[in-house]
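What follows is a set of notes on a single structure, which appears directly below.
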Amino acid sequence: MSDTSINPKEIARASNQSFTMPEICLRIREMLDDGVSDLDDIADLISLDPALSSKLLKLANSPLFRFSSEIDSVSKAINIIGGEALFNLVMIETANSAFEHFSSDVIDLKRFWRQSIYTALFAKHLAKITRIRGSERFFLIGLLHNLGELMVALKHPEAAIECVKYDKTISPWKQQLSVIGFHYTWCSAAILELWNIPNQVYSPLYCVHDQNKALSNKESAVMYTSLRAGVVMSHEELYSVNDLVSPLIVKSMGLEEQDIQDAVKYAQMEAQSIVNIMNPSISLH
């Protein structure tokens, strides 16, 4: 029986009051949209923040991009990957700050990070092999997909404890629906929308569990499959790919079972190296 007193929109509003987007994120977004600023202007702005510059260069040289030569300056990074990709990298760093801000003793943070990173890497890989432009955007969507869990854990800890009581017979998202009446991904999308994140980042999360949409839309199919693969990789003792990943949706993307297995291997192989850049204090093992 779901707890109808828990309102995802109220949780999203509480998160918006508690955590504000860093000024540099807002400024970069404005510069990308104003039609006047160029990439050099954005590079100059980021260079004023040495810590952020360093983190962005590490991400630009990470397995997220796999460039043939090292990127050694912010301006070079922007000119190679483009402004939108750079904004996504800044948002990846912001996600790290949000995770720390909303962390709770109620949930297993190692499991939370593992699920977020695995989903993010899997989504990026799937977007790339299905030839969707801007695959780093899918990394960001995957990374932020479960942000709602942190907020529910803070505001309604008893409900969050009940939500993790899934097992081989019930998936995490079905347990969430049973306990709180909505999916964590819906709450995540509402939070990101209030933060004025671009629509293409948050909107897929509102319908990420809609199988019909996944069958008719490639981007939806990528996120539908990636979220499930992330849960499998985080809970190998409970689920297998065959349990949660739909062959019909895999086929609708023009992919085969081996492509999914390759994406799993990629995510597992690169996960710790990405976490080491984002939050060195977290070990996924």
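Each chain in the structure tokens gets a letter, A, B and so on, in the order shown; residues start at 1 in every chain, and ligands are counted from 1 in the order they appear.
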task: Could you tell me, as an MDAnalysis selection string, which residues of stretch 180-219 of chain A DSSP assigns to alpha helix (DSSP H) when given the backbone?
output: chainID A and resid 180 184:194 199:206 211:216 218:219
message: List the spatial neighbours of stretch 8-24 of chain A as a PyMOL selection string - criterion: any atom at most 7 Å away, only C-alpha atoms, same-chain residues fewer than 3 positions off excluded.
response: chain A and resi 27-28+151+187+190-191+194-195
Write the residues of the preceding selection, restricted to N, CA and C atoms, as an mmCIF file, in the first residue's frame.
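Dumped to out05.cif:
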```
data_model
loop_
_atom_site.group_PDB
_atom_site.id
_atom_site.type_symbol
_atom_site.label_atom_id
_atom_site.label_comp_id
_atom_site.auth_asym_id
_atom_site.auth_seq_id
_atom_site.Cartn_x
_atom_site.Cartn_y
_atom_site.Cartn_z
ATOM 1 N N ARG A 27 25.821 30.576 -15.147
ATOM 2 C CA ARG A 27 26.482 31.530 -16.057
ATOM 3 C C ARG A 27 26.855 30.852 -17.382
ATOM 4 N N ILE A 28 27.380 29.641 -17.311
ATOM 5 C CA ILE A 28 27.738 28.916 -18.540
ATOM 6 C C ILE A 28 26.493 28.668 -19.379
ATOM 7 N N MET A 151 16.745 12.397 -1.717
ATOM 8 C CA MET A 151 15.797 13.350 -1.141
ATOM 9 C C MET A 151 14.702 12.652 -0.336
ATOM 10 N N CYS A 187 10.806 11.748 -9.259
ATOM 11 C CA CYS A 187 11.224 12.783 -8.308
ATOM 12 C C CYS A 187 12.528 13.441 -8.774
ATOM 13 N N ALA A 190 11.751 15.919 -11.462
ATOM 14 C CA ALA A 190 11.130 17.130 -10.919
ATOM 15 C C ALA A 190 12.164 18.045 -10.282
ATOM 16 N N ILE A 191 13.146 17.449 -9.598
ATOM 17 C CA ILE A 191 14.226 18.238 -8.987
ATOM 18 C C ILE A 191 15.039 18.942 -10.073
ATOM 19 N N LEU A 194 13.279 21.895 -11.680
ATOM 20 C CA LEU A 194 13.314 23.093 -10.839
ATOM 21 C C LEU A 194 14.692 23.751 -10.841
ATOM 22 N N TRP A 195 15.724 22.968 -11.065
ATOM 23 C CA TRP A 195 17.080 23.524 -11.151
ATOM 24 C C TRP A 195 17.354 24.157 -12.514
#
```
- request: Show which residues sit within 10 Å of A:Glu84, as a list in words. Count only C-alpha atoms, and ignore same-chain residues fewer than 3 positions away.
  value: Ile28, Arg29, Leu32, Ile78, Ile81, Phe87, Asn88, Leu89, Val90, Gly134, Glu136 and Arg137 of chain A
Kindly export the residues of the current selection with N, CA, C and O atoms, as an mmCIF file, in the first residue's frame.
```cif
data_model
loop_
_atom_site.group_PDB
_atom_site.id
_atom_site.type_symbol
_atom_site.label_atom_id
_atom_site.label_comp_id
_atom_site.auth_asym_id
_atom_site.auth_seq_id
_atom_site.Cartn_x
_atom_site.Cartn_y
_atom_site.Cartn_z
ATOM 1 N N ILE A 28 27.380 29.641 -17.311
ATOM 2 C CA ILE A 28 27.738 28.916 -18.540
ATOM 3 C C ILE A 28 26.493 28.668 -19.379
ATOM 4 O O ILE A 28 26.509 28.829 -20.600
ATOM 5 N N ARG A 29 25.389 28.286 -18.710
ATOM 6 C CA ARG A 29 24.147 28.039 -19.436
ATOM 7 C C ARG A 29 23.686 29.310 -20.141
ATOM 8 O O ARG A 29 23.271 29.285 -21.316
ATOM 9 N N LEU A 32 25.886 29.978 -23.176
ATOM 10 C CA LEU A 32 25.601 29.072 -24.289
ATOM 11 C C LEU A 32 24.323 29.478 -25.030
ATOM 12 O O LEU A 32 24.194 29.236 -26.231
ATOM 13 N N ILE A 78 37.140 22.744 -24.649
ATOM 14 C CA ILE A 78 35.896 23.288 -25.186
ATOM 15 C C ILE A 78 35.886 23.222 -26.707
ATOM 16 O O ILE A 78 34.877 22.869 -27.321
ATOM 17 N N ILE A 81 35.411 19.348 -27.610
ATOM 18 C CA ILE A 81 34.166 18.659 -27.247
ATOM 19 C C ILE A 81 32.931 19.536 -27.411
ATOM 20 O O ILE A 81 31.817 19.027 -27.475
ATOM 21 N N PHE A 87 29.244 21.846 -20.716
ATOM 22 C CA PHE A 87 28.219 22.104 -19.704
ATOM 23 C C PHE A 87 27.842 20.804 -18.992
ATOM 24 O O PHE A 87 27.665 20.779 -17.772
ATOM 25 N N ASN A 88 27.731 19.711 -19.751
ATOM 26 C CA ASN A 88 27.412 18.426 -19.137
ATOM 27 C C ASN A 88 28.498 17.999 -18.159
ATOM 28 O O ASN A 88 28.212 17.436 -17.104
ATOM 29 N N LEU A 89 29.768 18.289 -18.493
ATOM 30 C CA LEU A 89 30.859 17.960 -17.572
ATOM 31 C C LEU A 89 30.770 18.790 -16.298
ATOM 32 O O LEU A 89 31.017 18.283 -15.200
ATOM 33 N N VAL A 90 30.425 20.058 -16.443
ATOM 34 C CA VAL A 90 30.249 20.913 -15.253
ATOM 35 C C VAL A 90 29.098 20.377 -14.410
ATOM 36 O O VAL A 90 29.172 20.346 -13.177
ATOM 37 N N GLY A 134 25.748 13.353 -28.871
ATOM 38 C CA GLY A 134 25.912 13.866 -27.511
ATOM 39 C C GLY A 134 25.823 12.781 -26.455
ATOM 40 O O GLY A 134 25.015 12.862 -25.528
ATOM 41 N N GLU A 136 27.632 12.058 -24.005
ATOM 42 C CA GLU A 136 27.924 12.450 -22.622
ATOM 43 C C GLU A 136 26.677 12.964 -21.900
ATOM 44 O O GLU A 136 26.582 12.914 -20.680
ATOM 45 N N ARG A 137 25.667 13.413 -22.664
ATOM 46 C CA ARG A 137 24.398 13.804 -22.042
ATOM 47 C C ARG A 137 23.749 12.595 -21.372
ATOM 48 O O ARG A 137 23.137 12.708 -20.299
#
```
- request: Select, from A:Gly148, A:Ile277, A:Gly230, A:Ser216, the residue with the minimum atom-to-atom distance to A:Ala98, counting only C-alpha atoms.
  value: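 Closest to A:Ala98 of all the choices is A:Gly148.
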message: Please determine, counting only C-alpha atoms, which residue among A:Asn61, A:Val106, A:Glu193, A:Ser226 has the shortest atom-to-atom distance to A:His209.
response: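 Ranking A:Asn61, A:Val106, A:Glu193, A:Ser226 by distance to A:His209, first place goes to A:Ser226.
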message: Quick one: residues within 6 Å of stretch 34-45 of chain A, only C-alpha atoms, excluding same-chain residues fewer than 3 positions away - as a ChimeraX atom specification?
response: /A:30-31,48,74-75
Keeping only C-alpha atoms, write the selected residues as a tab-separated table (two decimals), in the first residue's frame.
```tsv
chain	number	residue	atom	x	y	z
A	30	GLU	CA	23.38	31.72	-20.04
A	31	MET	CA	26.48	32.12	-22.22
A	48	LEU	CA	38.79	31.57	-13.00
A	74	VAL	CA	40.18	24.27	-20.79
A	75	SER	CA	40.07	26.19	-24.08
```
Please build the interface table for stretch 222-265 of chain A against stretch 161-171 of chain A with a cut-off of 12 Å, listing for each qualifying residue the nearest atom pair and the distance in Å to one decimal; count only C-alpha atoms, order rows by chain and increasing number, and write it as CSV.
```
residue,atom,partner,partner_atom,distance
A:Leu227,CA,A:Ser171,CA,11.6
A:Arg228,CA,A:Ser171,CA,9.3
A:Val231,CA,A:Ser171,CA,8.9
A:Val232,CA,A:Ser171,CA,10.2
A:His235,CA,A:Asp167,CA,9.6
A:Glu236,CA,A:Lys168,CA,10.6
A:Glu237,CA,A:Lys168,CA,9.0
A:Leu238,CA,A:Lys168,CA,5.4
A:Tyr239,CA,A:Lys168,CA,6.6
A:Ser240,CA,A:Lys168,CA,9.8
A:Asp243,CA,A:Lys168,CA,9.0
A:Leu244,CA,A:Ser171,CA,8.4
A:Val245,CA,A:Ser171,CA,11.8
```
Would you save the residues from that selection as a JSON list (two decimals), in the first residue's frame, using N, CA, C and O atoms?
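Produced file again-v9.json, reproduced below:
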```
[["chain", "number", "residue", "atom", "x", "y", "z"],
["A", 227, "LEU", "N", 18.98, 1.95, -17.10],
["A", 227, "LEU", "CA", 18.60, 1.93, -15.69],
["A", 227, "LEU", "C", 18.52, 0.49, -15.18],
["A", 227, "LEU", "O", 18.99, 0.19, -14.07],
["A", 228, "ARG", "N", 17.97, -0.39, -15.99],
["A", 228, "ARG", "CA", 17.86, -1.79, -15.58],
["A", 228, "ARG", "C", 19.22, -2.47, -15.53],
["A", 228, "ARG", "O", 19.49, -3.25, -14.60],
["A", 231, "VAL", "N", 20.97, -1.50, -12.32],
["A", 231, "VAL", "CA", 20.47, -2.26, -11.16],
["A", 231, "VAL", "C", 21.07, -3.66, -11.16],
["A", 231, "VAL", "O", 21.50, -4.18, -10.11],
["A", 232, "VAL", "N", 21.15, -4.30, -12.32],
["A", 232, "VAL", "CA", 21.75, -5.63, -12.42],
["A", 232, "VAL", "C", 23.21, -5.60, -11.94],
["A", 232, "VAL", "O", 23.62, -6.44, -11.12],
["A", 235, "HIS", "N", 23.46, -5.26, -8.24],
["A", 235, "HIS", "CA", 22.85, -6.34, -7.44],
["A", 235, "HIS", "C", 23.00, -7.67, -8.19],
["A", 235, "HIS", "O", 22.00, -8.34, -8.47],
["A", 236, "GLU", "N", 24.23, -8.07, -8.45],
["A", 236, "GLU", "CA", 24.45, -9.31, -9.20],
["A", 236, "GLU", "C", 23.94, -10.52, -8.44],
["A", 236, "GLU", "O", 23.69, -11.57, -9.03],
["A", 237, "GLU", "N", 23.82, -10.37, -7.11],
["A", 237, "GLU", "CA", 23.32, -11.48, -6.30],
["A", 237, "GLU", "C", 21.80, -11.64, -6.44],
["A", 237, "GLU", "O", 21.24, -12.70, -6.09],
["A", 238, "LEU", "N", 21.12, -10.63, -6.96],
["A", 238, "LEU", "CA", 19.66, -10.66, -7.09],
["A", 238, "LEU", "C", 19.18, -10.84, -8.52],
["A", 238, "LEU", "O", 18.22, -11.57, -8.77],
["A", 239, "TYR", "N", 19.82, -10.12, -9.45],
["A", 239, "TYR", "CA", 19.28, -10.06, -10.80],
["A", 239, "TYR", "C", 20.35, -10.38, -11.84],
["A", 239, "TYR", "O", 21.55, -10.19, -11.61],
["A", 240, "SER", "N", 19.89, -10.83, -13.00],
["A", 240, "SER", "CA", 20.75, -10.98, -14.17],
["A", 240, "SER", "C", 20.21, -10.09, -15.28],
["A", 240, "SER", "O", 19.09, -9.58, -15.20],
["A", 243, "ASP", "N", 16.94, -11.14, -16.52],
["A", 243, "ASP", "CA", 15.80, -10.87, -15.64],
["A", 243, "ASP", "C", 15.16, -9.52, -15.92],
["A", 243, "ASP", "O", 13.94, -9.38, -15.87],
["A", 244, "LEU", "N", 16.00, -8.50, -16.17],
["A", 244, "LEU", "CA", 15.49, -7.13, -16.18],
["A", 244, "LEU", "C", 15.54, -6.43, -17.54],
["A", 244, "LEU", "O", 14.78, -5.49, -17.78],
["A", 245, "VAL", "N", 16.44, -6.84, -18.41],
["A", 245, "VAL", "CA", 16.60, -6.15, -19.70],
["A", 245, "VAL", "C", 15.74, -6.83, -20.76],
["A", 245, "VAL", "O", 15.85, -8.03, -21.00]]
```
Counting only C-alpha atoms, which residues of stretch 52-160 of chain A sit at most 8 Å from some atom of stretch 246-268 of chain A, and what is each one's closest atom pair with its distance in Å to one decimal, listed by chain and rising residue number, as a Markdown table?
```
| residue | atom | partner | partner_atom | distance |
| --- | --- | --- | --- | --- |
| A:Ile117 | CA | A:Ala267 | CA | 8.0 |
| A:Tyr118 | CA | A:Ala267 | CA | 5.5 |
| A:Thr119 | CA | A:Ala267 | CA | 7.9 |
| A:Leu121 | CA | A:Ala267 | CA | 5.1 |
| A:Phe122 | CA | A:Ala267 | CA | 5.4 |
| A:His125 | CA | A:Ala263 | CA | 6.1 |
| A:Leu126 | CA | A:Ala263 | CA | 6.9 |
| A:Thr130 | CA | A:Met253 | CA | 6.8 |
```
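Here atom CA of A:Ser68 and atom CA of A:Leu86 stand 18.2 Å from one another.
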- request: Please provide as an MDAnalysis selection string all residues within 9 Å of A:Lys218, with the sequence filter that same-chain residues fewer than 3 positions apart are discarded (counting only C-alpha atoms).
  value: chainID A and resid 127 130 132 213:215 221:223 252:253
query: Neighbours of A:Leu143 within 8 Å (only C-alpha atoms; same-chain residues fewer than 2 positions away dropped), as JSON, numbers by chain?
result: {"A": [92, 95, 116, 117, 119, 120, 139, 140, 141, 145, 146]}
- prompt: So how many Å separate atom CA of A:Pro157 and atom CA of A:Thr185, to one decimal?
  reply: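 Atom-to-atom, atom CA of A:Pro157 to atom CA of A:Thr185, that is 17.2 Å.
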field: Near-A:Leu147 list (6 Å; only C-alpha atoms; drop same-chain fewer than 3 positions) as a list in words
entry: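 My list of contacting residues is Leu144, Leu150 and Ser188 of chain A.
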message: I'd like to know which of A:Phe65, A:Tyr206, A:Phe102, A:Phe138 is closest to A:Ala153, using only C-alpha atoms.
response: A:Phe102
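Between atom CA of A:Tyr202 and atom CA of A:Ala189 the separation is 4.9 Å.
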